[in-house]
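Asks: Just structure04.txt, nothing more (compact mmCIF, C-alpha atoms and all ligand atoms):
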```txt
# COMPACT_ATOMS: atom_id res chain seq x y z
CA MET A 289 44.38 44.57 -26.34
CA GLU A 290 44.84 41.88 -29.02
CA ARG A 291 43.25 38.46 -28.52
CA GLN A 292 46.70 36.81 -28.39
CA GLU A 293 47.60 38.93 -25.37
CA ALA A 294 44.20 38.14 -23.79
CA LEU A 295 44.81 34.42 -24.19
CA GLU A 296 48.31 34.74 -22.69
CA LEU A 297 46.99 36.68 -19.69
CA ARG A 298 44.31 34.09 -19.20
CA ARG A 299 46.82 31.23 -19.33
CA GLU A 300 49.18 33.03 -16.99
CA TYR A 301 46.82 34.42 -14.36
CA PHE A 302 43.52 32.48 -14.40
CA MET A 303 42.90 29.13 -12.74
CA PRO A 304 42.80 26.52 -15.50
CA CYS A 305 39.39 25.26 -14.31
CA VAL A 306 37.78 28.16 -16.21
CA GLN A 307 37.51 26.95 -19.79
CA TYR A 308 36.52 28.85 -22.90
CA PHE A 309 34.55 28.10 -26.05
CA TYR A 310 36.29 28.23 -29.48
CA LYS A 311 39.78 27.54 -30.78
CA ASP A 312 40.19 31.19 -31.73
CA PRO A 313 37.96 33.02 -29.24
CA PRO A 314 36.95 36.58 -30.14
CA LEU A 315 37.83 39.28 -27.61
CA PHE A 316 34.51 41.02 -27.05
CA VAL A 317 34.73 44.72 -26.43
CA ARG A 318 31.21 46.08 -26.94
CA GLY A 319 27.58 45.01 -26.80
CA ASP A 320 24.47 46.65 -28.24
CA MET A 321 21.16 44.86 -27.47
CA GLN A 322 21.34 41.51 -29.35
CA TYR A 323 24.69 42.27 -31.00
CA LEU A 324 28.30 41.96 -29.85
CA TYR A 325 31.49 43.40 -31.34
CA ASP A 326 35.01 42.05 -31.05
CA GLU A 327 38.34 43.88 -30.86
CA ARG A 328 38.62 43.80 -34.67
CA GLY A 329 35.25 45.48 -35.12
CA LYS A 330 33.48 42.30 -36.26
CA LYS A 331 29.76 42.14 -35.43
CA TYR A 332 28.10 39.06 -33.96
CA LEU A 333 24.48 38.12 -33.34
CA ASP A 334 24.41 36.85 -29.76
CA PHE A 335 22.28 33.75 -29.35
CA PHE A 336 23.43 32.80 -25.84
CA ALA A 337 23.00 36.07 -23.89
CA GLY A 338 25.89 35.31 -21.51
CA VAL A 339 23.98 32.14 -20.47
CA SER A 340 20.46 33.54 -20.27
CA VAL A 341 21.54 36.71 -18.47
CA MET A 342 21.08 39.52 -21.01
CA ASN A 343 17.35 39.02 -21.54
CA CYS A 344 16.87 42.77 -22.05
CA GLY A 345 19.88 43.08 -24.38
CA HIS A 346 23.47 44.27 -23.98
CA SER A 347 23.98 47.80 -22.64
CA ASN A 348 20.26 48.45 -22.95
CA PRO A 349 20.05 52.28 -22.63
CA PHE A 350 16.81 52.13 -20.59
CA ILE A 351 18.61 50.05 -17.95
CA THR A 352 22.08 51.59 -18.09
CA GLU A 353 20.65 55.09 -17.58
CA ARG A 354 18.89 54.02 -14.40
CA VAL A 355 21.97 52.14 -13.13
CA ALA A 356 24.24 55.10 -13.90
CA ALA A 357 21.88 57.49 -12.12
CA GLN A 358 21.92 55.28 -9.02
CA LEU A 359 25.73 54.96 -9.18
CA GLY A 360 25.96 58.72 -9.08
CA ARG A 361 23.53 58.98 -6.13
CA LEU A 362 24.29 56.16 -3.68
CA GLN A 363 26.34 53.12 -4.56
CA HIS A 364 26.57 50.90 -1.54
CA LEU A 365 25.70 50.42 2.08
CA THR A 366 24.64 46.96 3.17
CA ASN A 367 21.38 45.36 4.13
CA VAL A 368 21.68 46.25 7.82
CA TYR A 369 20.88 49.86 6.74
CA LEU A 370 17.72 51.18 5.15
CA THR A 371 18.03 52.00 1.45
CA GLU A 372 15.16 52.54 -0.96
CA PRO A 373 15.83 50.56 -4.19
CA VAL A 374 16.02 47.12 -2.55
CA LEU A 375 12.78 47.70 -0.64
CA ARG A 376 11.01 48.77 -3.82
CA LEU A 377 12.46 45.71 -5.53
CA ALA A 378 11.22 43.32 -2.81
CA ALA A 379 7.72 44.82 -3.04
CA ARG A 380 7.77 44.74 -6.84
CA LEU A 381 8.91 41.10 -6.93
CA ALA A 382 6.08 40.14 -4.56
CA GLN A 383 3.67 41.31 -7.29
CA VAL A 384 5.11 39.10 -10.04
CA LEU A 385 6.45 36.06 -8.15
CA PRO A 386 4.35 32.87 -8.52
CA GLY A 387 1.04 33.41 -6.71
CA GLY A 388 1.56 37.19 -6.43
CA PRO A 389 -1.30 39.49 -7.51
CA ALA A 390 0.27 40.27 -10.91
CA SER A 391 1.38 36.68 -11.53
CA ALA A 392 -0.22 34.29 -14.01
CA LEU A 393 -0.66 31.97 -11.01
CA SER A 394 -2.44 34.49 -8.76
CA GLY A 395 -5.66 32.43 -8.63
CA ALA A 396 -3.76 29.26 -7.77
CA ALA A 397 -2.52 30.52 -4.41
CA SER A 398 -5.45 29.47 -2.27
CA ARG A 399 -5.73 26.04 -3.91
CA GLU A 400 -2.15 25.05 -3.41
CA ARG A 401 0.71 26.76 -1.68
CA PRO A 402 0.51 30.45 -0.72
CA GLY A 403 2.03 32.97 -3.11
CA LEU A 404 5.71 33.92 -2.80
CA SER A 405 6.11 37.32 -1.23
CA ASN A 406 9.28 37.62 0.85
CA SER A 407 12.79 37.75 -0.60
CA PHE A 408 16.38 37.54 0.61
CA PHE A 409 18.87 39.21 -1.73
CA CYS A 410 22.37 37.97 -2.52
CA ASN A 411 24.75 37.95 -5.49
CA SER A 412 24.74 34.75 -7.54
CA GLY A 413 22.62 31.77 -8.46
CA SER A 414 24.79 29.46 -6.34
CA GLU A 415 24.34 31.69 -3.34
CA ALA A 416 20.56 31.91 -3.83
CA ASN A 417 20.32 28.12 -3.95
CA GLU A 418 22.60 27.77 -0.93
CA GLY A 419 20.25 30.10 0.98
CA ALA A 420 17.12 28.29 -0.22
CA LEU A 421 18.53 24.94 0.94
CA LEU A 422 19.47 26.47 4.29
CA LEU A 423 15.95 27.89 4.70
CA ALA A 424 14.46 24.47 3.91
CA ARG A 425 16.63 22.85 6.57
CA LEU A 426 15.77 25.51 9.13
CA VAL A 427 12.02 25.28 8.67
CA THR A 428 11.76 21.49 8.34
CA GLY A 429 14.46 20.51 10.82
CA LYS A 430 15.57 17.89 8.26
CA ARG A 431 18.97 17.49 6.62
CA LYS A 432 18.86 15.76 3.24
CA PHE A 433 17.73 16.78 -0.23
CA ILE A 434 16.45 15.19 -3.40
CA ALA A 435 17.70 16.61 -6.68
CA LEU A 436 17.53 15.52 -10.31
CA ASN A 437 20.22 13.54 -12.13
CA THR A 438 20.79 16.13 -14.82
CA GLY A 439 20.30 19.26 -12.70
CA LEU A 440 22.78 22.04 -11.95
CA HIS A 441 22.47 24.39 -8.98
CA GLY A 442 25.89 25.96 -8.40
CA ARG A 443 29.42 25.92 -7.06
CA THR A 444 28.94 26.43 -3.32
CA TYR A 445 28.93 23.42 -1.01
CA LEU A 446 25.24 22.54 -0.74
CA ALA A 447 24.40 23.86 -4.21
CA MET A 448 27.14 21.63 -5.65
CA ALA A 449 26.01 18.71 -3.48
CA VAL A 450 22.58 18.83 -5.16
CA THR A 451 24.06 19.25 -8.64
CA GLY A 452 23.64 15.99 -10.56
CA ILE A 453 25.81 16.68 -13.62
CA PRO A 454 29.09 14.81 -12.89
CA MET A 455 31.30 17.42 -14.59
CA TRP A 456 30.15 20.14 -12.14
CA ARG A 457 30.53 18.03 -8.97
CA THR A 458 34.11 19.21 -8.47
CA ASP A 459 34.44 18.81 -4.69
CA PRO A 460 35.63 15.28 -3.83
CA PHE A 461 34.06 15.51 -0.36
CA LEU A 462 30.39 16.12 -1.16
CA PRO A 463 27.87 14.33 1.08
CA GLY A 464 27.13 10.87 -0.29
CA ASP A 465 23.67 10.42 1.17
CA PHE A 466 21.55 12.86 -0.81
CA TYR A 467 19.15 11.46 -3.40
CA PHE A 468 19.24 11.88 -7.17
CA ALA A 469 16.17 11.04 -9.18
CA GLY A 470 15.44 10.70 -12.88
CA SER A 471 11.67 10.70 -12.61
CA ALA A 472 8.73 11.65 -10.38
CA GLU A 473 8.50 7.99 -9.35
CA GLU A 474 12.10 8.02 -8.08
CA VAL A 475 11.42 11.23 -6.14
CA ILE A 476 8.43 9.56 -4.47
CA ALA A 477 10.46 6.41 -3.72
CA ALA A 478 13.16 8.49 -1.98
CA LEU A 479 10.55 10.34 0.08
CA GLU A 480 8.98 7.05 1.13
CA LYS A 481 12.33 5.53 2.06
CA ASP A 482 13.83 8.38 4.08
CA GLY A 483 12.10 10.63 6.62
CA ASP A 484 15.03 13.05 6.81
CA ILE A 485 14.40 14.90 3.53
CA ALA A 486 14.05 18.68 3.77
CA ALA A 487 13.26 19.45 0.13
CA LEU A 488 13.26 18.54 -3.53
CA ILE A 489 15.21 21.03 -5.63
CA CYS A 490 14.81 21.19 -9.41
CA GLU A 491 14.90 23.45 -12.48
CA PRO A 492 11.60 23.51 -14.42
CA VAL A 493 13.61 23.48 -17.65
CA GLN A 494 17.09 22.12 -17.04
CA GLY A 495 19.62 24.40 -18.69
CA ASN A 496 23.06 22.86 -18.39
CA GLY A 497 21.45 19.41 -18.41
CA GLY A 498 20.71 19.98 -22.10
CA VAL A 499 17.61 22.23 -22.22
CA ARG A 500 15.27 19.60 -20.82
CA PRO A 501 11.81 20.69 -19.69
CA LEU A 502 10.44 18.56 -16.85
CA PRO A 503 7.53 16.33 -17.90
CA PRO A 504 4.18 18.20 -17.74
CA ASP A 505 2.89 16.09 -14.83
CA PHE A 506 6.13 16.09 -12.79
CA PHE A 507 5.00 18.55 -10.11
CA GLU A 508 1.48 17.13 -9.93
CA LYS A 509 2.88 13.65 -9.38
CA THR A 510 5.36 14.64 -6.65
CA ALA A 511 3.19 17.19 -4.79
CA GLY A 512 1.30 14.69 -2.61
CA ALA A 513 4.41 12.79 -1.48
CA LEU A 514 6.27 16.02 -0.67
CA LYS A 515 3.37 17.37 1.36
CA SER A 516 2.65 14.19 3.30
CA ARG A 517 6.35 13.79 4.21
CA GLY A 518 6.75 17.42 5.24
CA ALA A 519 9.31 18.13 2.50
CA LEU A 520 9.44 21.42 0.59
CA LEU A 521 9.62 22.16 -3.11
CA ILE A 522 12.49 24.46 -4.15
CA VAL A 523 12.35 25.60 -7.76
CA ASP A 524 15.54 26.98 -9.29
CA GLU A 525 14.59 29.69 -11.81
CA VAL A 526 18.15 31.03 -12.06
CA GLN A 527 18.33 30.24 -15.77
CA THR A 528 14.64 30.11 -16.69
CA GLY A 529 13.40 33.26 -14.95
CA PHE A 530 12.35 36.68 -16.21
CA ALA A 531 10.45 36.03 -19.44
CA ARG A 532 12.97 33.59 -20.94
CA THR A 533 10.48 30.75 -21.52
CA GLY A 534 7.57 32.96 -22.61
CA ARG A 535 6.32 33.39 -19.03
CA MET A 536 7.78 35.47 -16.24
CA PHE A 537 8.85 32.20 -14.57
CA ALA A 538 8.93 28.73 -16.11
CA VAL A 539 6.89 27.18 -13.26
CA GLU A 540 3.93 29.11 -14.66
CA HIS A 541 3.84 26.59 -17.53
CA TYR A 542 3.26 23.92 -14.89
CA GLY A 543 0.74 25.86 -12.78
CA VAL A 544 2.76 25.26 -9.64
CA ILE A 545 3.70 27.60 -6.80
CA PRO A 546 6.92 26.38 -5.15
CA ASP A 547 7.62 26.72 -1.42
CA ILE A 548 10.89 28.47 -2.22
CA MET A 549 12.08 29.87 -5.55
CA THR A 550 15.56 31.05 -6.51
CA MET A 551 16.50 33.60 -9.16
CA SER A 552 19.57 35.44 -10.47
CA LYS A 553 21.09 35.90 -13.98
CA ALA A 554 18.48 37.91 -15.94
CA LEU A 555 17.21 39.69 -12.81
CA GLY A 556 20.15 42.09 -13.04
CA ASN A 557 20.71 41.90 -16.84
CA GLY A 558 24.44 41.65 -16.18
CA ILE A 559 24.63 43.43 -12.82
CA PRO A 560 25.21 40.75 -10.15
CA ILE A 561 22.09 40.14 -8.07
CA ALA A 562 20.21 37.07 -6.88
CA ALA A 563 17.44 36.19 -4.46
CA PHE A 564 15.46 33.39 -2.93
CA ALA A 565 11.81 33.94 -2.10
CA SER A 566 9.17 32.15 -0.08
CA SER A 567 5.69 32.72 1.28
CA ARG A 568 5.35 35.11 4.19
CA GLU A 569 4.47 32.21 6.46
CA LEU A 570 7.71 30.37 5.71
CA ALA A 571 9.81 33.53 5.71
CA LEU A 572 8.63 34.49 9.20
CA ARG A 573 10.28 31.34 10.47
CA PHE A 574 13.70 32.42 9.16
CA THR A 575 14.70 34.35 12.26
CA ARG A 576 18.26 33.21 12.81
CA PRO A 577 20.67 35.91 11.65
CA SER A 578 21.69 36.08 8.00
CA ALA A 579 23.04 38.96 5.93
CA SER A 580 24.79 39.56 2.63
CA THR A 581 27.26 42.43 2.32
CA LEU A 582 26.50 43.26 -1.32
CA GLY A 583 23.14 41.51 -1.64
CA GLY A 584 20.59 43.83 -3.29
CA ASN A 585 22.75 46.91 -2.94
CA PRO A 586 21.29 50.14 -4.34
CA VAL A 587 22.95 49.76 -7.75
CA SER A 588 22.03 46.11 -8.35
CA ALA A 589 18.51 46.65 -6.98
CA SER A 590 18.07 49.62 -9.35
CA ALA A 591 19.18 47.44 -12.25
CA ALA A 592 16.65 44.78 -11.29
CA LEU A 593 13.84 47.34 -10.99
CA ALA A 594 14.71 48.68 -14.44
CA VAL A 595 14.73 45.09 -15.79
CA LEU A 596 11.23 44.44 -14.42
CA ASP A 597 10.01 47.73 -15.92
CA TYR A 598 11.55 46.92 -19.28
CA ILE A 599 10.11 43.37 -19.37
CA GLU A 600 6.66 44.82 -18.67
CA LYS A 601 7.00 47.82 -21.00
CA GLU A 602 8.17 45.69 -23.95
CA ASP A 603 6.01 42.68 -23.04
CA LEU A 604 9.05 40.42 -23.29
CA CYS A 605 7.06 37.39 -22.05
CA ALA A 606 4.81 37.55 -25.12
CA ARG A 607 7.78 38.32 -27.36
CA ALA A 608 9.76 35.31 -26.07
CA GLY A 609 6.69 33.12 -26.57
CA GLU A 610 6.05 34.28 -30.16
CA LEU A 611 9.66 34.35 -31.31
CA GLY A 612 10.32 31.08 -29.49
CA ALA A 613 7.50 29.40 -31.43
CA TYR A 614 8.91 30.78 -34.69
CA LEU A 615 12.47 29.65 -33.89
CA ARG A 616 11.18 26.25 -32.88
CA SER A 617 9.28 25.78 -36.13
CA ARG A 618 12.39 26.72 -38.12
CA LEU A 619 14.56 24.34 -36.06
CA ASP A 620 12.01 21.53 -36.46
CA SER A 621 12.17 22.04 -40.24
CA LEU A 622 15.97 21.83 -40.11
CA ALA A 623 15.72 18.66 -38.00
CA SER A 624 13.57 17.03 -40.67
CA LEU A 625 16.22 17.90 -43.29
CA PHE A 626 19.21 16.90 -41.16
CA PRO A 627 18.81 13.69 -39.12
CA VAL A 628 21.95 14.69 -37.20
CA ILE A 629 19.59 16.89 -35.13
CA ARG A 630 18.21 14.18 -32.88
CA GLU A 631 15.73 16.35 -31.00
CA VAL A 632 14.62 19.97 -30.63
CA ARG A 633 13.21 20.84 -27.20
CA GLY A 634 12.62 23.65 -24.72
CA LYS A 635 10.21 26.49 -24.06
CA GLY A 636 10.00 30.03 -25.37
CA LEU A 637 13.45 31.38 -26.23
CA MET A 638 15.18 28.61 -24.30
CA LEU A 639 15.59 25.95 -26.95
CA GLY A 640 18.09 23.16 -27.46
CA ALA A 641 18.97 20.97 -30.44
CA GLU A 642 20.64 17.69 -29.57
CA ILE A 643 23.31 16.69 -32.08
CA ALA A 644 23.91 12.97 -32.68
CA PRO A 645 25.76 12.00 -35.89
CA ASP A 646 24.36 8.49 -35.67
CA ARG A 647 20.66 8.98 -35.07
CA ASN A 648 20.38 5.38 -33.89
CA SER A 649 23.17 5.64 -31.30
CA PRO A 650 21.87 5.38 -27.74
CA ALA A 651 21.19 8.79 -26.12
CA GLY A 652 24.16 9.45 -23.88
CA ASP A 653 26.76 8.14 -26.32
CA ASP A 654 27.66 11.66 -27.17
CA ALA A 655 31.37 11.92 -28.00
CA PRO A 656 30.88 12.21 -31.79
CA GLY A 657 28.01 14.63 -31.13
CA ALA A 658 30.22 16.79 -28.91
CA ALA A 659 32.89 17.08 -31.62
CA LEU A 660 30.28 18.01 -34.21
CA THR A 661 28.63 20.51 -31.85
CA ASP A 662 32.00 22.25 -31.39
CA ARG A 663 32.50 22.34 -35.14
CA ILE A 664 29.05 23.92 -35.67
CA LEU A 665 29.73 26.49 -32.95
CA GLU A 666 33.08 27.36 -34.46
CA GLU A 667 31.69 27.75 -38.00
CA LEU A 668 28.78 29.88 -36.80
CA LYS A 669 31.16 32.11 -34.88
CA GLU A 670 33.13 32.68 -38.11
CA ARG A 671 29.83 33.74 -39.70
CA GLY A 672 29.12 36.17 -36.85
CA ILE A 673 26.76 34.13 -34.66
CA ILE A 674 27.39 33.21 -31.04
CA LEU A 675 25.53 30.08 -29.99
CA GLY A 676 25.71 28.19 -26.69
CA LYS A 677 26.21 24.52 -25.94
CA ASN A 678 25.33 22.34 -23.00
CA GLY A 679 24.09 18.88 -22.08
CA LEU A 680 25.83 16.09 -20.19
CA GLY A 681 27.59 15.06 -23.38
CA ARG A 682 28.22 18.69 -24.44
CA ASN A 683 26.28 17.91 -27.62
CA VAL A 684 23.28 20.21 -27.34
CA LEU A 685 23.21 23.49 -29.27
CA ALA A 686 21.67 26.06 -26.92
CA PHE A 687 19.52 28.87 -28.36
CA GLN A 688 19.03 31.41 -25.54
CA PRO A 689 19.31 34.87 -27.14
CA PRO A 690 18.49 38.25 -25.66
CA LEU A 691 14.68 38.46 -25.83
CA VAL A 692 14.98 41.64 -27.92
CA ILE A 693 15.93 39.73 -31.09
CA ASN A 694 13.61 39.88 -34.12
CA ARG A 695 12.44 37.50 -36.84
CA GLY A 696 15.19 38.71 -39.18
CA ASP A 697 17.79 37.63 -36.61
CA ILE A 698 16.21 34.17 -36.41
CA ASP A 699 16.17 33.89 -40.22
CA PHE A 700 19.85 34.91 -40.32
CA LEU A 701 20.70 32.23 -37.75
CA ILE A 702 18.73 29.49 -39.49
CA GLU A 703 20.12 30.29 -42.96
CA ASN A 704 23.65 30.12 -41.61
CA LEU A 705 23.04 27.00 -39.55
CA GLU A 706 21.62 25.28 -42.62
CA GLU A 707 24.61 26.29 -44.73
CA VAL A 708 27.02 25.10 -42.03
CA LEU A 709 25.27 21.75 -41.75
CA ARG A 710 25.32 21.32 -45.54
CA ARG A 711 29.02 22.13 -45.61
CA ILE A 712 30.27 19.92 -42.80
CA LEU A 713 28.04 16.84 -43.07
C1 LIG B 801 19.88 26.60 -13.00
C2 LIG B 801 21.11 27.21 -12.43
N1 LIG B 801 21.22 27.34 -11.09
C3 LIG B 801 22.30 27.88 -10.53
C4 LIG B 801 23.37 28.33 -11.28
C5 LIG B 801 24.57 28.94 -10.61
O1 LIG B 801 24.54 30.30 -10.79
P1 LIG B 801 25.85 31.23 -10.57
O2 LIG B 801 26.81 30.86 -11.64
O3 LIG B 801 25.31 32.62 -10.67
O4 LIG B 801 26.36 30.93 -9.20
C6 LIG B 801 23.31 28.23 -12.67
C7 LIG B 801 24.42 28.70 -13.51
O5 LIG B 801 24.51 28.49 -14.69
C8 LIG B 801 22.15 27.66 -13.27
O6 LIG B 801 22.03 27.54 -14.60
```
Show me this structure written as structure tokens.
Ligand SMILES: Cc1ncc(COP(=O)(O)O)c(C=O)c1O

Replies:
Amino acid sequence: MERQEALELRREYFMPCVQYFYKDPPLFVRGDMQYLYDERGKKYLDFFAGVSVMNCGHSNPFITERVAAQLGRLQHLTNVYLTEPVLRLAARLAQVLPGGPASALSGAASRERPGLSNSFFCNSGSEANEGALLLARLVTGKRKFIALNTGLHGRTYLAMAVTGIPMWRTDPFLPGDFYFAGSAEEVIAALEKDGDIAALICEPVQGNGGVRPLPPDFFEKTAGALKSRGALLIVDEVQTGFARTGRMFAVEHYGVIPDIMTMSKALGNGIPIAAFASSRELALRFTRPSASTLGGNPVSASAALAVLDYIEKEDLCARAGELGAYLRSRLDSLASLFPVIREVRGKGLMLGAEIAPDRNSPAGDDAPGAALTDRILEELKERGIILGKNGLGRNVLAFQPPLVINRGDIDFLIENLEEVLRRIL
């Protein structure tokens, strides 16, 4: 297929709500670890990983072999039947989830909340968040939620209702009485005002909100108010999970064990799978029926098990931490050369560079930044680099590559980004 035909098919048969990056988008036909190839044979360095999904690299042979073997053995039943991979996956996750015996937070369990050990498997980040919010309602008997202004949690009804980014609040009939906060103080104020709050939901590093890590004391500050009001903490690790930020989960940077945690994206490295997890104590109270036809089926569970093995085998947490620090130092140097980079932020290999042509313009006045961000993306694509963008003003360059990149890849990116900035500014 030629890209012209692809664009025509898309125009003819897609819903127009699905937009694409680039004026002349490549038609990708092959992936190999951190590299992508288009229909004309051109090679690209992928620095977005399908939005933080391909942490272990495209078509990673270690994972594809295990998935293919499972496909040839047993492809699907559903979770009302016993199958082995999903049970092994649940047990394996219980080891590495926050507070689990192999987690960096294992010692924290007794001090704070109990470790997360029980999982419910489904297919997407939206669905995991929808389930987490449902669980919070069931166990607290309360209806409302607090979420953060610049958070994103998905496309399903409740997940969209707790999404703060205006562009992703598509449904005109979302409930109007949930709370959105911009700080720990506003979370506490909402909890003090309203006794009907089931949970606070937040991403430890907001992805679509513009790669914004929560302040270091955010969880510490809100913990007391949540506990005294009987509200739960739901942490959305859909984008931050599985070694992306230099830790297995980003909450480890904050030393906090959530009541409920959600995950998807990198768990399957491109095979759809998601889950929400809680402590055993909380999970035992989820007795009303729930099931997911495809959730954690043998093929997706096998992919996730292979992902966890690969992360451990290659020590991707350490790799993301080291390479993330190197990328950050190179981006900081660029920012000191080019004032158009207003701020570099993030953790591990989840970094963002906010683009503001007028460094003195108020944050949020982003239209010129958005145009420039698109221009940078387009020029980098021509040079064989795929970068992401996000942020409320669509003016944040997003650096979220497969964690299997190397220093040479980072140097290649930075050299090209510098040349592009010199050319267009
Ligand atoms: C933090 C976060 N939560 C939830 C979602 C929704 O996930 P999905 O698109 O798999 O439904 C996303 C998607 O980008 C996300 O970044």

Asks: Looking at all atoms listed in the file, which of A:Phe574, A:Phe626, A:Tyr323, A:Trp456 is the one that sits closest to ligand LIG 801 (chain B)?

Replies: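 Among A:Phe574, A:Phe626, A:Tyr323, A:Trp456, it is A:Trp456 that comes nearest to ligand LIG 801 (chain B).
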
Asks: Just to confirm, what's the straight-line distance from CA of Cys490 in chain A to CA of Leu572 in chain A in Å (one decimal)?

Replies: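 These atoms are spaced 23.7 Å apart.
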
Asks: Report as CSV the residues of range 620-661 of chain A within 12 Å of range 515-537 of chain A, each with its shortest atom pair and distance in Å (one decimal), using all atoms listed in the file, ordered by chain and increasing residue number.

Replies:
```
residue,atom,partner,partner_atom,distance
A:Arg633,CA,A:Thr533,CA,11.7
A:Gly634,CA,A:Thr533,CA,8.1
A:Lys635,CA,A:Thr533,CA,5.0
A:Gly636,CA,A:Thr533,CA,3.9
A:Leu637,CA,A:Thr533,CA,5.6
A:Met638,CA,A:Thr533,CA,5.9
A:Leu639,CA,A:Thr533,CA,8.9
```

Asks: Find the smallest box with edges along x, y and z containing every listed atom of range 528-547 of chain A, then add 5 Å on each side and report centre and edge lengths in Å to one decimal, as AutoDock Vina command-line options.

Replies:
```
--center_x 7.7 --center_y 30.3 --center_z -12.0 --size_x 23.9 --size_y 22.8 --size_z 31.2
```

Asks: At a cut-off of 12 Å, using all atoms listed in the file, what residues contact Leu440 in chain A? Leave out same-chain residues fewer than 6 positions from it and give the result as a PDB file with C-alpha atoms, keeping the file's coordinate frame.

Replies:
```pdb
ATOM      1  CA  GLY A 413      22.620  31.770  -8.460  1.00  0.00           C
ATOM      2  CA  SER A 414      24.790  29.460  -6.340  1.00  0.00           C
ATOM      3  CA  ASN A 417      20.320  28.120  -3.950  1.00  0.00           C
ATOM      4  CA  LEU A 446      25.240  22.540  -0.740  1.00  0.00           C
ATOM      5  CA  ALA A 447      24.400  23.860  -4.210  1.00  0.00           C
ATOM      6  CA  MET A 448      27.140  21.630  -5.650  1.00  0.00           C
ATOM      7  CA  ALA A 449      26.010  18.710  -3.480  1.00  0.00           C
ATOM      8  CA  VAL A 450      22.580  18.830  -5.160  1.00  0.00           C
ATOM      9  CA  THR A 451      24.060  19.250  -8.640  1.00  0.00           C
ATOM     10  CA  GLY A 452      23.640  15.990 -10.560  1.00  0.00           C
ATOM     11  CA  ILE A 453      25.810  16.680 -13.620  1.00  0.00           C
ATOM     12  CA  PRO A 454      29.090  14.810 -12.890  1.00  0.00           C
ATOM     13  CA  MET A 455      31.300  17.420 -14.590  1.00  0.00           C
ATOM     14  CA  TRP A 456      30.150  20.140 -12.140  1.00  0.00           C
ATOM     15  CA  ARG A 457      30.530  18.030  -8.970  1.00  0.00           C
ATOM     16  CA  PHE A 468      19.240  11.880  -7.170  1.00  0.00           C
ATOM     17  CA  ILE A 489      15.210  21.030  -5.630  1.00  0.00           C
ATOM     18  CA  CYS A 490      14.810  21.190  -9.410  1.00  0.00           C
ATOM     19  CA  GLU A 491      14.900  23.450 -12.480  1.00  0.00           C
ATOM     20  CA  PRO A 492      11.600  23.510 -14.420  1.00  0.00           C
ATOM     21  CA  VAL A 493      13.610  23.480 -17.650  1.00  0.00           C
ATOM     22  CA  GLN A 494      17.090  22.120 -17.040  1.00  0.00           C
ATOM     23  CA  GLY A 495      19.620  24.400 -18.690  1.00  0.00           C
ATOM     24  CA  ASN A 496      23.060  22.860 -18.390  1.00  0.00           C
ATOM     25  CA  GLY A 497      21.450  19.410 -18.410  1.00  0.00           C
ATOM     26  CA  GLY A 498      20.710  19.980 -22.100  1.00  0.00           C
ATOM     27  CA  VAL A 499      17.610  22.230 -22.220  1.00  0.00           C
ATOM     28  CA  ARG A 500      15.270  19.600 -20.820  1.00  0.00           C
ATOM     29  CA  VAL A 523      12.350  25.600  -7.760  1.00  0.00           C
ATOM     30  CA  ASP A 524      15.540  26.980  -9.290  1.00  0.00           C
ATOM     31  CA  GLU A 525      14.590  29.690 -11.810  1.00  0.00           C
ATOM     32  CA  VAL A 526      18.150  31.030 -12.060  1.00  0.00           C
ATOM     33  CA  GLN A 527      18.330  30.240 -15.770  1.00  0.00           C
ATOM     34  CA  ASN A 678      25.330  22.340 -23.000  1.00  0.00           C
ATOM     35  CA  GLY A 679      24.090  18.880 -22.080  1.00  0.00           C
ATOM     36  CA  LEU A 680      25.830  16.090 -20.190  1.00  0.00           C
TER      37      LEU A 680
END
```

Asks: Under the rule that only C-alpha atoms are counted, which of A:Gly558, A:Gly395, A:Pro586, A:Gly672 is the nearest residue to Val339 in chain A?

Replies: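 Counting only C-alpha atoms, the residue closest to Val339 in chain A is A:Gly558.
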
Asks: When distances are computed from all atoms listed in the file, which of A:Met303, A:Leu668, A:Leu333, A:Val384 shows the smallest separation from Asp697 in chain A?

Replies: A:Leu333

Asks: With a distance cut-off of 6 Å and all atoms listed in the file, select the neighbouring residues of Phe336 in chain A, excluding the residue or stretch itself and same-chain residues fewer than 2 positions from it, and output the selection as a list of chain:residue names.

Replies: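 With the cut-off at 6 Å, the set is A:Asp334, A:Gly338, A:Val339, A:Leu675, A:Gly676, A:Gln688, A:Pro689.
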
Asks: Using CA of Ile702 in chain A and CA of Gly439 in chain A as the two end points, give the distance in Å to one decimal.

Replies: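 Here the two named atoms are 28.7 Å from each other.
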
Asks: Which of these, A:Glu296, A:Lys331, A:Glu706, A:Thr575, has the shortest distance to Ala623 in chain A once you count all atoms listed in the file?

Replies: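 For Ala623 in chain A, the nearest of the candidates is A:Glu706.
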
Asks: Need to verify the contact set: range 654-667 of chain A, 8 Å, only C-alpha atoms, exclusion of same-chain residues closer than 4 positions in sequence. Can you return it as a CSV table (one decimal) with C-alpha atoms, keeping the file's coordinate frame?

Replies:
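What ended up in out_35.csv:
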```csv
chain,number,residue,atom,x,y,z
A,310,TYR,CA,36.3,28.2,-29.5
A,311,LYS,CA,39.8,27.5,-30.8
A,643,ILE,CA,23.3,16.7,-32.1
A,644,ALA,CA,23.9,13.0,-32.7
A,645,PRO,CA,25.8,12.0,-35.9
A,671,ARG,CA,29.8,33.7,-39.7
A,674,ILE,CA,27.4,33.2,-31.0
A,675,LEU,CA,25.5,30.1,-30.0
A,676,GLY,CA,25.7,28.2,-26.7
A,677,LYS,CA,26.2,24.5,-25.9
A,681,GLY,CA,27.6,15.1,-23.4
A,682,ARG,CA,28.2,18.7,-24.4
A,683,ASN,CA,26.3,17.9,-27.6
A,684,VAL,CA,23.3,20.2,-27.3
A,685,LEU,CA,23.2,23.5,-29.3
A,705,LEU,CA,23.0,27.0,-39.6
A,708,VAL,CA,27.0,25.1,-42.0
A,709,LEU,CA,25.3,21.8,-41.8
```
